[in-house]
>>> print(open('model_30.cif').read())   # mmCIF, C-alpha atoms
data_upload
#
loop_
_atom_site.label_atom_id
_atom_site.label_comp_id
_atom_site.auth_asym_id
_atom_site.auth_seq_id
_atom_site.Cartn_x
_atom_site.Cartn_y
_atom_site.Cartn_z
CA VAL H 2 0.00 0.00 0.00
CA LYS H 3 1.29 3.45 -0.90
CA ILE H 4 0.59 5.53 2.16
CA SER H 5 2.47 8.61 1.07
CA LYS H 6 4.94 9.46 -1.67
CA ASN H 7 6.82 11.82 0.64
CA ILE H 8 7.24 9.23 3.39
CA GLU H 9 8.45 6.68 0.85
CA ASN H 10 10.83 9.23 -0.55
CA LEU H 11 12.20 9.86 2.94
CA MET H 12 12.56 6.13 3.53
CA MET H 13 14.51 5.79 0.30
CA ASN H 14 16.81 8.69 1.09
CA LEU H 15 17.48 7.44 4.63
CA GLN H 16 18.94 4.33 3.03
CA ILE H 17 21.93 6.31 1.78
CA LEU H 18 23.21 6.19 5.37
CA PRO H 19 25.70 3.39 6.02
CA GLY H 20 24.08 0.42 7.76
CA VAL H 21 20.51 1.55 7.10
CA GLY H 22 18.39 -0.92 5.13
CA PRO H 23 14.70 -0.78 4.21
CA LYS H 24 13.50 -1.90 7.65
CA THR H 25 15.58 0.60 9.63
CA ALA H 26 14.70 3.33 7.15
CA LYS H 27 11.01 2.71 7.75
CA ARG H 28 11.51 2.82 11.50
CA LEU H 29 13.58 6.02 11.32
CA ALA H 30 11.13 7.74 8.96
CA LEU H 31 8.13 7.03 11.17
CA PHE H 32 10.16 8.00 14.22
CA LEU H 33 10.97 11.38 12.65
CA LEU H 34 7.43 12.03 11.45
CA GLY H 35 5.63 10.78 14.53
CA GLU H 36 6.45 12.11 17.96
CA ASN H 37 9.64 13.87 16.97
CA LYS H 38 8.76 16.44 14.34
CA LYS H 39 10.69 19.23 16.05
CA ASP H 40 13.86 17.16 16.28
CA ALA H 41 13.42 16.10 12.68
CA ARG H 42 13.33 19.72 11.56
CA LYS H 43 16.44 20.44 13.61
CA LEU H 44 18.17 17.52 11.92
CA SER H 45 17.35 18.66 8.40
CA CYS H 46 18.42 22.21 9.26
CA SER H 47 21.74 21.08 10.67
CA ILE H 48 22.41 18.93 7.58
CA ASP H 49 21.78 21.98 5.39
CA GLU H 50 23.88 24.28 7.56
CA ALA H 51 26.77 21.86 7.66
CA LEU H 52 26.60 21.29 3.89
CA ASP H 53 26.50 25.03 3.23
CA SER H 54 29.54 25.77 5.36
CA ILE H 55 31.69 22.70 4.89
CA LYS H 56 34.97 23.00 3.00
CA GLU H 57 38.41 21.43 2.97
CA CYS H 58 41.15 23.30 4.84
CA GLN H 59 43.36 24.81 2.13
CA ILE H 60 46.48 23.51 3.86
CA CYS H 61 45.75 20.11 5.37
CA GLY H 62 42.49 19.21 3.61
CA VAL H 63 40.44 18.46 6.73
CA LEU H 64 36.68 19.03 6.44
CA ASN H 65 35.73 22.09 8.46
CA ASP H 66 34.10 25.50 8.05
CA LEU H 67 37.24 27.64 7.81
CA GLU H 68 39.61 28.30 4.91
CA ILE H 69 42.51 27.41 7.24
CA CYS H 70 41.49 24.97 9.96
CA SER H 71 42.04 25.53 13.67
CA ILE H 72 44.84 22.94 13.85
CA CYS H 73 46.82 24.37 10.92
CA SER H 74 46.55 27.87 12.40
CA ASP H 75 47.40 26.80 15.96
CA PRO H 76 50.86 28.13 16.91
CA ALA H 77 51.06 25.75 19.88
CA ARG H 78 51.28 22.69 17.64
CA ASP H 79 54.54 21.21 16.47
CA ASN H 80 55.23 22.28 12.88
CA SER H 81 58.00 19.73 12.40
CA ASN H 82 55.80 16.69 12.91
CA LEU H 83 53.22 15.76 10.30
CA CYS H 84 50.68 12.96 10.49
CA VAL H 85 49.21 11.73 7.19
CA VAL H 86 45.68 10.33 7.42
CA GLU H 87 43.08 9.27 4.89
CA THR H 88 39.97 10.99 6.23
CA THR H 89 38.74 13.70 8.56
CA SER H 90 37.28 11.02 10.77
CA ASP H 91 40.71 9.38 11.12
CA LEU H 92 42.06 12.76 12.20
CA PHE H 93 39.33 13.03 14.84
CA ALA H 94 40.16 9.54 16.09
CA ILE H 95 43.84 10.45 16.52
CA GLU H 96 42.99 13.77 18.15
CA ASP H 97 40.85 11.87 20.66
CA THR H 98 43.89 9.90 21.83
CA LYS H 99 45.68 13.17 22.76
CA GLU H 100 48.94 11.41 21.81
CA PHE H 101 49.91 13.68 18.95
CA ASN H 102 50.75 17.38 19.03
CA GLY H 103 51.96 17.88 15.47
CA LYS H 104 49.93 18.83 12.44
CA TYR H 105 47.99 16.75 9.96
CA PHE H 106 47.69 16.17 6.27
CA VAL H 107 44.38 14.64 5.14
CA LEU H 108 44.62 12.82 1.80
CA ASN H 109 40.83 12.54 1.43
CA GLY H 110 41.38 9.28 -0.39
CA LEU H 111 43.90 6.54 -1.12
CA LEU H 112 45.80 5.68 -4.27
CA SER H 113 43.56 3.66 -6.54
CA PRO H 114 44.68 3.68 -10.19
CA ILE H 115 41.58 1.70 -11.20
CA ASP H 116 39.36 4.55 -9.98
CA GLY H 117 41.64 7.19 -11.47
CA ILE H 118 42.95 8.32 -8.08
CA GLY H 119 46.64 9.11 -8.41
CA PRO H 120 49.10 11.37 -6.57
CA ASP H 121 47.49 14.53 -8.02
CA GLU H 122 44.07 13.70 -6.60
CA LEU H 123 45.66 13.17 -3.16
CA ARG H 124 47.48 16.53 -3.43
CA ILE H 125 50.90 14.96 -2.93
CA ASN H 126 52.49 18.13 -4.35
CA LYS H 127 50.90 20.17 -1.58
CA LEU H 128 52.24 17.64 0.93
CA MET H 129 55.77 18.01 -0.48
CA GLU H 130 55.46 21.79 -0.41
CA ILE H 131 54.40 21.72 3.25
CA CYS H 132 57.32 19.45 4.13
CA ASN H 133 59.76 21.82 2.47
CA THR H 134 58.44 25.13 3.81
CA ARG H 135 57.88 23.88 7.35
CA LYS H 136 61.09 21.87 7.57
CA VAL H 137 59.16 18.82 8.70
CA LYS H 138 61.36 16.32 10.54
CA GLU H 139 59.00 13.39 10.88
CA ILE H 140 56.06 12.12 8.89
CA VAL H 141 53.81 9.62 10.67
CA ILE H 142 51.87 7.53 8.17
CA ALA H 143 48.55 6.70 9.81
CA LEU H 144 46.62 4.94 7.06
CA ASN H 145 44.29 1.98 7.23
CA SER H 146 45.98 -1.39 7.28
CA THR H 147 44.32 -2.38 4.00
CA LEU H 148 45.76 -3.05 0.56
CA GLU H 149 45.14 0.53 -0.63
CA GLY H 150 46.37 1.94 2.66
CA GLU H 151 49.59 -0.06 2.52
CA ALA H 152 50.18 0.85 -1.13
CA THR H 153 49.63 4.55 -0.46
CA GLY H 154 51.90 4.38 2.57
CA TYR H 155 54.62 2.70 0.54
CA PHE H 156 54.26 5.33 -2.19
CA LEU H 157 54.72 8.10 0.39
CA PHE H 158 57.72 6.32 1.90
CA GLU H 159 59.36 6.07 -1.56
CA ASN H 160 58.52 9.70 -2.25
CA PHE H 161 60.34 10.99 0.83
CA LYS H 162 63.33 8.67 0.47
CA GLY H 163 65.81 11.24 -0.81
CA MET H 164 64.79 13.90 1.71
CA ASP H 165 66.05 14.35 5.26
CA ILE H 166 62.76 13.31 6.81
CA LYS H 167 62.09 10.42 9.16
CA VAL H 168 59.10 8.45 7.89
CA SER H 169 57.30 6.33 10.46
CA LYS H 170 54.15 4.28 10.43
CA LEU H 171 51.61 3.32 13.09
CA ALA H 172 52.46 0.04 14.81
CA GLU H 173 50.52 -3.04 13.84
CA GLY H 174 49.78 -5.71 16.38
CA VAL H 175 47.30 -7.10 18.86
CA PRO H 176 44.55 -4.54 19.63
CA ALA H 177 44.14 -3.36 23.24
CA GLY H 178 42.04 -5.86 25.16
CA GLY H 179 42.45 -8.26 22.26
CA ASP H 180 42.35 -11.97 22.89
CA LEU H 181 45.17 -13.80 21.09
CA ASP H 182 42.78 -16.66 20.37
CA TYR H 183 40.51 -14.38 18.39
CA VAL H 184 43.13 -12.27 16.64
CA ASP H 185 43.47 -13.21 12.98
CA ASN H 186 46.53 -14.82 11.51
CA ASN H 187 47.93 -11.76 9.71
CA THR H 188 47.62 -9.54 12.76
CA LEU H 189 49.44 -12.08 14.87
CA LYS H 190 52.16 -12.46 12.24
CA ARG H 191 52.71 -8.71 12.23
CA ALA H 192 52.60 -8.49 16.01
CA PHE H 193 55.46 -11.00 15.98
CA SER H 194 57.56 -9.19 13.45
CA TRP H 195 56.95 -5.80 15.17
CA ARG H 196 57.66 -7.23 18.64
CA ARG H 197 59.59 -5.04 21.06
CA VAL H 198 62.45 -6.27 23.27
CA LEU H 199 61.57 -5.45 26.87
CA SER H 200 64.56 -6.78 28.81
CA LYS H 201 67.05 -4.31 27.37
CA ASP H 202 64.78 -1.26 27.11
CA VAL U 21 39.64 19.91 19.11
CA LYS U 22 36.70 21.90 17.76
CA ILE U 23 36.91 21.41 14.02
CA SER U 24 33.61 23.04 13.17
CA LYS U 25 30.54 24.18 15.07
CA ASN U 26 28.27 23.11 12.25
CA ILE U 27 29.67 19.60 12.08
CA GLU U 28 29.34 19.25 15.85
CA ASN U 29 25.81 20.54 15.63
CA LEU U 30 25.00 17.94 13.00
CA MET U 31 26.59 15.21 15.13
CA MET U 32 24.43 16.24 18.07
CA ASN U 33 21.24 16.31 16.03
CA LEU U 34 21.94 12.92 14.45
CA GLN U 35 21.85 11.50 17.96
CA ILE U 36 18.10 12.08 18.14
CA LEU U 37 17.76 9.01 15.90
CA PRO U 38 17.06 5.79 17.80
CA GLY U 39 20.20 3.68 18.20
CA VAL U 40 22.60 6.45 17.21
CA GLY U 41 25.21 7.34 19.86
CA PRO U 42 28.15 9.77 19.67
CA LYS U 43 30.38 7.39 17.70
CA THR U 44 27.81 6.53 15.05
CA ALA U 45 26.77 10.18 14.83
CA LYS U 46 30.36 11.16 14.07
CA ARG U 47 30.61 8.48 11.41
CA LEU U 48 27.30 9.48 9.83
CA ALA U 49 28.12 13.20 9.87
CA LEU U 50 31.46 12.73 8.16
CA PHE U 51 29.86 10.31 5.73
CA LEU U 52 27.26 12.91 4.77
CA LEU U 53 29.76 15.76 4.48
CA GLY U 54 32.49 13.82 2.73
CA GLU U 55 31.82 11.91 -0.45
CA ASN U 56 28.06 12.09 -0.25
CA LYS U 57 27.11 15.75 -0.26
CA LYS U 58 24.46 15.30 -2.95
CA ASP U 59 22.77 12.47 -1.10
CA ALA U 60 22.94 14.46 2.11
CA ARG U 61 21.08 17.35 0.47
CA LYS U 62 18.48 14.92 -0.87
CA LEU U 63 18.04 13.55 2.64
CA SER U 64 17.51 16.94 4.26
CA CYS U 65 15.09 17.92 1.47
CA SER U 66 13.06 14.76 1.88
CA ILE U 67 12.88 15.25 5.66
CA ASP U 68 11.53 18.76 5.07
CA GLU U 69 9.09 17.66 2.39
CA ALA U 70 7.77 14.82 4.51
CA LEU U 71 7.43 17.09 7.55
CA ASP U 72 5.61 19.72 5.51
CA SER U 73 3.09 17.31 4.05
CA ILE U 74 2.57 14.82 6.86
CA LYS U 75 -0.79 14.68 8.62
CA GLU U 76 -3.01 12.16 10.33
CA CYS U 77 -5.82 10.70 8.25
CA GLN U 78 -9.02 12.30 9.60
CA ILE U 79 -10.71 8.93 9.79
CA CYS U 80 -8.19 6.31 10.85
CA GLY U 81 -5.35 8.50 12.14
CA VAL U 82 -2.57 6.98 10.01
CA LEU U 83 0.34 9.30 9.15
CA ASN U 84 0.15 10.18 5.46
CA ASP U 85 -0.15 13.19 3.15
CA LEU U 86 -3.88 13.08 2.48
CA GLU U 87 -6.85 14.26 4.56
CA ILE U 88 -8.42 10.83 4.02
CA CYS U 89 -5.83 8.10 3.51
CA SER U 90 -5.75 5.70 0.57
CA ILE U 91 -6.92 2.76 2.70
CA CYS U 92 -9.91 4.57 4.22
CA SER U 93 -10.99 5.73 0.75
CA ASP U 94 -10.46 2.36 -0.92
CA PRO U 95 -13.86 0.87 -1.85
CA ALA U 96 -12.30 -2.58 -2.35
CA ARG U 97 -11.54 -2.98 1.34
CA ASP U 98 -13.92 -4.60 3.79
CA ASN U 99 -15.74 -1.92 5.78
CA SER U 100 -17.05 -4.39 8.33
CA ASN U 101 -13.65 -5.45 9.60
CA LEU U 102 -11.53 -3.01 11.62
CA CYS U 103 -8.01 -3.55 12.91
CA VAL U 104 -6.88 -1.37 15.83
CA VAL U 105 -3.13 -0.65 15.95
CA GLU U 106 -0.94 1.64 17.98
CA THR U 107 1.21 3.22 15.29
CA THR U 108 1.50 3.84 11.57
CA SER U 109 4.45 1.51 11.51
CA ASP U 110 2.34 -1.31 13.01
CA LEU U 111 -0.15 -0.69 10.20
CA PHE U 112 2.63 -1.01 7.62
CA ALA U 113 3.79 -4.25 9.22
CA ILE U 114 0.31 -5.75 9.00
CA GLU U 115 -0.17 -4.51 5.43
CA ASP U 116 3.08 -6.26 4.51
CA THR U 117 1.63 -9.62 5.56
CA LYS U 118 -1.23 -9.20 3.04
CA GLU U 119 -3.40 -11.13 5.51
CA PHE U 120 -5.92 -8.38 6.21
CA ASN U 121 -8.32 -6.70 3.82
CA GLY U 122 -10.35 -4.62 6.26
CA LYS U 123 -9.68 -1.09 7.41
CA TYR U 124 -7.57 0.27 10.24
CA PHE U 125 -7.82 2.53 13.22
CA VAL U 126 -4.51 3.97 14.44
CA LEU U 127 -4.57 5.02 18.10
CA ASN U 128 -1.26 6.90 17.83
CA GLY U 129 -0.59 5.97 21.44
CA LEU U 130 -1.64 3.66 24.28
CA LEU U 131 -3.54 4.36 27.48
CA SER U 132 -1.15 5.76 30.04
CA PRO U 133 -2.88 7.66 32.86
CA ILE U 134 0.49 8.66 34.33
CA ASP U 135 1.34 10.55 31.11
CA GLY U 136 -2.15 11.98 30.84
CA ILE U 137 -3.09 9.76 27.91
CA GLY U 138 -6.72 8.70 28.31
CA PRO U 139 -9.50 7.61 25.92
CA ASP U 140 -9.89 11.15 24.54
CA GLU U 141 -6.25 11.35 23.43
CA LEU U 142 -6.65 8.03 21.63
CA ARG U 143 -9.85 9.26 19.90
CA ILE U 144 -11.96 6.40 21.23
CA ASN U 145 -15.09 8.43 20.41
CA LYS U 146 -14.07 8.51 16.77
CA LEU U 147 -13.53 4.75 16.90
CA MET U 148 -17.05 4.23 18.33
CA GLU U 149 -18.51 6.51 15.68
CA ILE U 150 -16.80 4.55 12.91
CA CYS U 151 -18.06 1.26 14.34
CA ASN U 152 -21.62 2.58 14.38
CA THR U 153 -21.74 4.23 10.96
CA ARG U 154 -19.92 1.41 9.15
CA LYS U 155 -21.70 -1.42 10.90
CA VAL U 156 -18.39 -2.99 11.82
CA LYS U 157 -18.75 -6.72 12.58
CA GLU U 158 -15.28 -7.53 13.87
CA ILE U 159 -12.58 -5.53 15.61
CA VAL U 160 -9.11 -7.09 15.61
CA ILE U 161 -7.02 -5.71 18.42
CA ALA U 162 -3.42 -5.70 17.19
CA LEU U 163 -1.52 -3.98 19.99
CA ASN U 164 1.89 -4.71 21.43
CA SER U 165 2.02 -7.46 23.98
CA THR U 166 3.22 -5.07 26.68
CA LEU U 167 1.57 -3.86 29.87
CA GLU U 168 0.18 -0.72 28.19
CA GLY U 169 -0.82 -2.67 25.11
CA GLU U 170 -2.70 -5.26 27.17
CA ALA U 171 -4.40 -2.58 29.28
CA THR U 172 -5.50 -0.64 26.22
CA GLY U 173 -6.74 -3.84 24.58
CA TYR U 174 -8.72 -4.73 27.65
CA PHE U 175 -10.20 -1.24 27.79
CA LEU U 176 -11.35 -1.57 24.16
CA PHE U 177 -12.78 -5.02 24.85
CA GLU U 178 -14.79 -3.65 27.79
CA ASN U 179 -15.93 -0.69 25.69
CA PHE U 180 -17.41 -2.87 22.95
CA LYS U 181 -18.99 -5.38 25.31
CA GLY U 182 -22.59 -4.26 24.95
CA MET U 183 -22.43 -3.90 21.17
CA ASP U 184 -22.96 -6.58 18.56
CA ILE U 185 -19.32 -6.63 17.52
CA LYS U 186 -16.92 -9.56 17.66
CA VAL U 187 -13.73 -8.42 19.34
CA SER U 188 -10.64 -10.50 18.59
CA LYS U 189 -6.99 -10.18 19.41
CA LEU U 190 -3.78 -11.29 17.68
CA ALA U 191 -2.65 -14.75 18.80
CA GLU U 192 0.24 -14.97 21.23
CA GLY U 193 2.67 -17.84 21.06
CA VAL U 194 5.95 -19.11 19.78
CA PRO U 195 7.30 -16.84 16.98
CA ALA U 196 7.88 -18.36 13.54
CA GLY U 197 11.27 -20.08 13.46
CA GLY U 198 11.39 -19.72 17.24
CA ASP U 199 13.35 -22.21 19.26
CA LEU U 200 11.41 -23.42 22.31
CA ASP U 201 14.63 -23.44 24.29
CA TYR U 202 15.09 -19.73 23.75
CA VAL U 203 11.48 -18.61 24.08
CA ASP U 204 10.86 -16.88 27.40
CA ASN U 205 8.63 -18.28 30.10
CA ASN U 206 5.63 -15.99 29.59
CA THR U 207 5.53 -16.60 25.85
CA LEU U 208 5.60 -20.35 26.41
CA LYS U 209 2.86 -20.09 29.04
CA ARG U 210 0.66 -18.20 26.61
CA ALA U 211 1.47 -20.54 23.75
CA PHE U 212 0.16 -23.32 25.98
CA SER U 213 -3.05 -21.60 26.95
CA TRP U 214 -3.71 -20.51 23.33
CA ARG U 215 -2.93 -23.96 21.94
CA ARG U 216 -5.09 -25.26 19.09
CA VAL U 217 -6.51 -28.77 18.87
CA LEU U 218 -5.35 -30.28 15.59
CA SER U 219 -6.88 -33.75 15.66
CA LYS U 220 -10.49 -32.56 15.42
CA ASP U 221 -9.98 -29.56 13.11
#
>>> encode(input="model_30.cif", output="structure tokens")
Amino acid sequence: VKISKNIENLMMNLQILPGVGPKTAKRLALFLLGENKKDARKLSCSIDEALDSIKECQICGVLNDLEICSICSDPARDNSNLCVVETTSDLFAIEDTKEFNGKYFVLNGLLSPIDGIGPDELRINKLMEICNTRKVKEIVIALNSTLEGEATGYFLFENFKGMDIKVSKLAEGVPAGGDLDYVDNNTLKRAFSWRRVLSKD
Amino acid sequence: VKISKNIENLMMNLQILPGVGPKTAKRLALFLLGENKKDARKLSCSIDEALDSIKECQICGVLNDLEICSICSDPARDNSNLCVVETTSDLFAIEDTKEFNGKYFVLNGLLSPIDGIGPDELRINKLMEICNTRKVKEIVIALNSTLEGEATGYFLFENFKGMDIKVSKLAEGVPAGGDLDYVDNNTLKRAFSWRRVLSKD
């Protein structure tokens, strides 16, 4: 039964969200249109406002509402340390750890020749320029441990080979709280090869 | 770090959705603002359009965009059979089974004296009026099997006692595909008391 074209439209559009299928979309749509009309309006307004103001920082590429983001323009952060991430959400995740006080470079993608994503699309030139002007001493590669992530990381490593820059990479190993029994084979292999000697530290 | 007020605002407003906490909200927000700006705009538009057009059917109370919904105005549906549900989404669920060809009455709530929801809020007068004018022969009570659902069902049953209307109620028992081992005590008790004799059917 077609109850309403507009509700069905909403249900369809809710399914663009990751993890939302037809059933959840139906539930969400009726939730928004039932008891929660005010909240629903707030939600649509905040989507519009965010879309209208969102842009990539001209230096690091992070999604924000300024031409130069608050991290790039923060004088208290270490200019000589640069962390390369794939997405804005990876940057947030690292910021949440409070472990890193350098600056970031957000690729907004990974190398993928098959999709036509090469060094130009990832603004590798801009990255090189930043490294030169800021006299960056260390680049921390913080990319996903996937095929594309590894390939992009290796490409960056090769790129900085001739320069006087230390290139490091996030450690791979057993996740915190991880049970060795449940950790997959590859992770365990890497945890072995990345193992740290404790007795002489 | 405060990357953007508008993104944070969006993250907060996404958390009004059921089952969305801070982590999911962050993921959804960056999903909408990253690669999927067009879809995000479609989503906010369809929320607005649905909100602007949504109303309760003046007869049955279902959420839709017509004064009289397509079910109430459908001459092919059985006027003498009325199914009482709590929400529009319950109505959809029953429609999906294709088991019922009567009409509906959507309470848009359940009796809850503590929240000030009495018979007037549930438009019980309207329900009585419909039963009288349409010469309804059977009312199927299809409410949740919760305390409020049971109480509301019982109230309806009492209300129709004097009238020449058969009042029925959805069967309670073991769910399809349900494993007796995992079915809770109350469900099993009810499945016993609602059991059907097969040998003489």
>>> residues_around(input="model_30.cif", residues="Arg42 in chain H", least_positions_apart="3", cutoff="12 Å", atoms="all atoms listed in the file", output="number ranges by chain")
H: 33-34, 37-39, 45-49; U: 30, 33-34, 36, 63-72
>>> residues_around(input="model_30.cif", residues="Asn145 in chain H", least_positions_apart="2", cutoff="12 Å", atoms="only C-alpha atoms", output="PDB file with C-alpha atoms, keeping the file's coordinate frame")
ATOM      1  CA  VAL H  85      49.210  11.730   7.190  1.00  0.00           C
ATOM      2  CA  VAL H  86      45.680  10.330   7.420  1.00  0.00           C
ATOM      3  CA  GLU H  87      43.080   9.270   4.890  1.00  0.00           C
ATOM      4  CA  THR H  88      39.970  10.990   6.230  1.00  0.00           C
ATOM      5  CA  SER H  90      37.280  11.020  10.770  1.00  0.00           C
ATOM      6  CA  ASP H  91      40.710   9.380  11.120  1.00  0.00           C
ATOM      7  CA  GLY H 110      41.380   9.280  -0.390  1.00  0.00           C
ATOM      8  CA  LEU H 111      43.900   6.540  -1.120  1.00  0.00           C
ATOM      9  CA  ILE H 142      51.870   7.530   8.170  1.00  0.00           C
ATOM     10  CA  ALA H 143      48.550   6.700   9.810  1.00  0.00           C
ATOM     11  CA  THR H 147      44.320  -2.380   4.000  1.00  0.00           C
ATOM     12  CA  LEU H 148      45.760  -3.050   0.560  1.00  0.00           C
ATOM     13  CA  GLU H 149      45.140   0.530  -0.630  1.00  0.00           C
ATOM     14  CA  GLY H 150      46.370   1.940   2.660  1.00  0.00           C
ATOM     15  CA  GLU H 151      49.590  -0.060   2.520  1.00  0.00           C
ATOM     16  CA  ALA H 152      50.180   0.850  -1.130  1.00  0.00           C
ATOM     17  CA  THR H 153      49.630   4.550  -0.460  1.00  0.00           C
ATOM     18  CA  GLY H 154      51.900   4.380   2.570  1.00  0.00           C
ATOM     19  CA  LYS H 170      54.150   4.280  10.430  1.00  0.00           C
ATOM     20  CA  LEU H 171      51.610   3.320  13.090  1.00  0.00           C
ATOM     21  CA  ALA H 172      52.460   0.040  14.810  1.00  0.00           C
ATOM     22  CA  GLU H 173      50.520  -3.040  13.840  1.00  0.00           C
TER      23      GLU H 173
END
>>> resolve_selection(input="model_30.cif", expression="the PyMOL selection byres ((chain H and resi 167) around 12)", output="list in words")
Ser81, Asn82, Leu83, Cys84, Cys132, Lys136, Val137, Lys138, Glu139, Ile140, Val141, Ile142, Leu157, Phe158, Glu159, Asn160, Phe161, Lys162, Gly163, Met164, Asp165, Ile166, Val168, Ser169 and Lys170 of chain H
>>> resolve_selection(input="model_30.cif", expression="the PyMOL selection byres ((chain H and resi 56) around 10)", output="list in words")
Ala51, Leu52, Asp53, Ser54, Ile55, Glu57, Cys58, Gln59, Gly62, Val63, Leu64, Asn65, Asp66, Leu67, Glu68, Ile69 and Cys70 of chain H; Leu53 and Gly54 of chain U
>>> atom_distance(input="model_30.cif", atom1="CA of Ile8 in chain H", atom2="CA of Ser90 in chain U")
13.8 Å
>>> resolve_selection(input="model_30.cif", expression="the PyMOL selection byres ((chain U and resi 47) around 12)", output="PyMOL selection string")
(chain H and resi 18-20+88-91+93-94) or (chain U and resi 27-28+30-32+34-35+40-46+48-54)
>>> atom_distance(input="model_30.cif", atom1="CA of Gly103 in chain H", atom2="CA of Cys61 in chain H")
12.1 Å
>>> closest_residue(input="model_30.cif", among="H:Asn126, H:Ser194, H:Ser146, H:Asn10", to="chain U", atoms="all atoms listed in the file")
H:Asn10
>>> residues_near_point(input="model_30.cif", point="(52.7, 21.3, 15.2)", cutoff="10 Å", atoms="all atoms listed in the file", output="list in words")
Ile72, Cys73, Ser74, Asp75, Pro76, Ala77, Arg78, Asp79, Asn80, Ser81, Asn82, Leu83, Cys84, Phe101, Asn102, Gly103, Lys104, Tyr105, Arg135 and Val137 of chain H
>>> atom_distance(input="model_30.cif", atom1="CA of Ile150 in chain U", atom2="CA of Ile79 in chain U")
8.1 Å
>>> closest_residue(input="model_30.cif", among="U:Asn205, U:Asn128, U:Asp116, U:Leu163", to="Glu36 in chain H", atoms="only C-alpha atoms")
U:Asn128
>>> decode(input="model_30.cif", residues="range 143-156 of chain H", atoms="C-alpha atoms", output="tab-separated table (two decimals), in the first residue's frame")
chain	number	residue	atom	x	y	z
H	143	ALA	CA	48.55	6.70	9.81
H	144	LEU	CA	46.62	4.94	7.06
H	145	ASN	CA	44.29	1.98	7.23
H	146	SER	CA	45.98	-1.39	7.28
H	147	THR	CA	44.32	-2.38	4.00
H	148	LEU	CA	45.76	-3.05	0.56
H	149	GLU	CA	45.14	0.53	-0.63
H	150	GLY	CA	46.37	1.94	2.66
H	151	GLU	CA	49.59	-0.06	2.52
H	152	ALA	CA	50.18	0.85	-1.13
H	153	THR	CA	49.63	4.55	-0.46
H	154	GLY	CA	51.90	4.38	2.57
H	155	TYR	CA	54.62	2.70	0.54
H	156	PHE	CA	54.26	5.33	-2.19
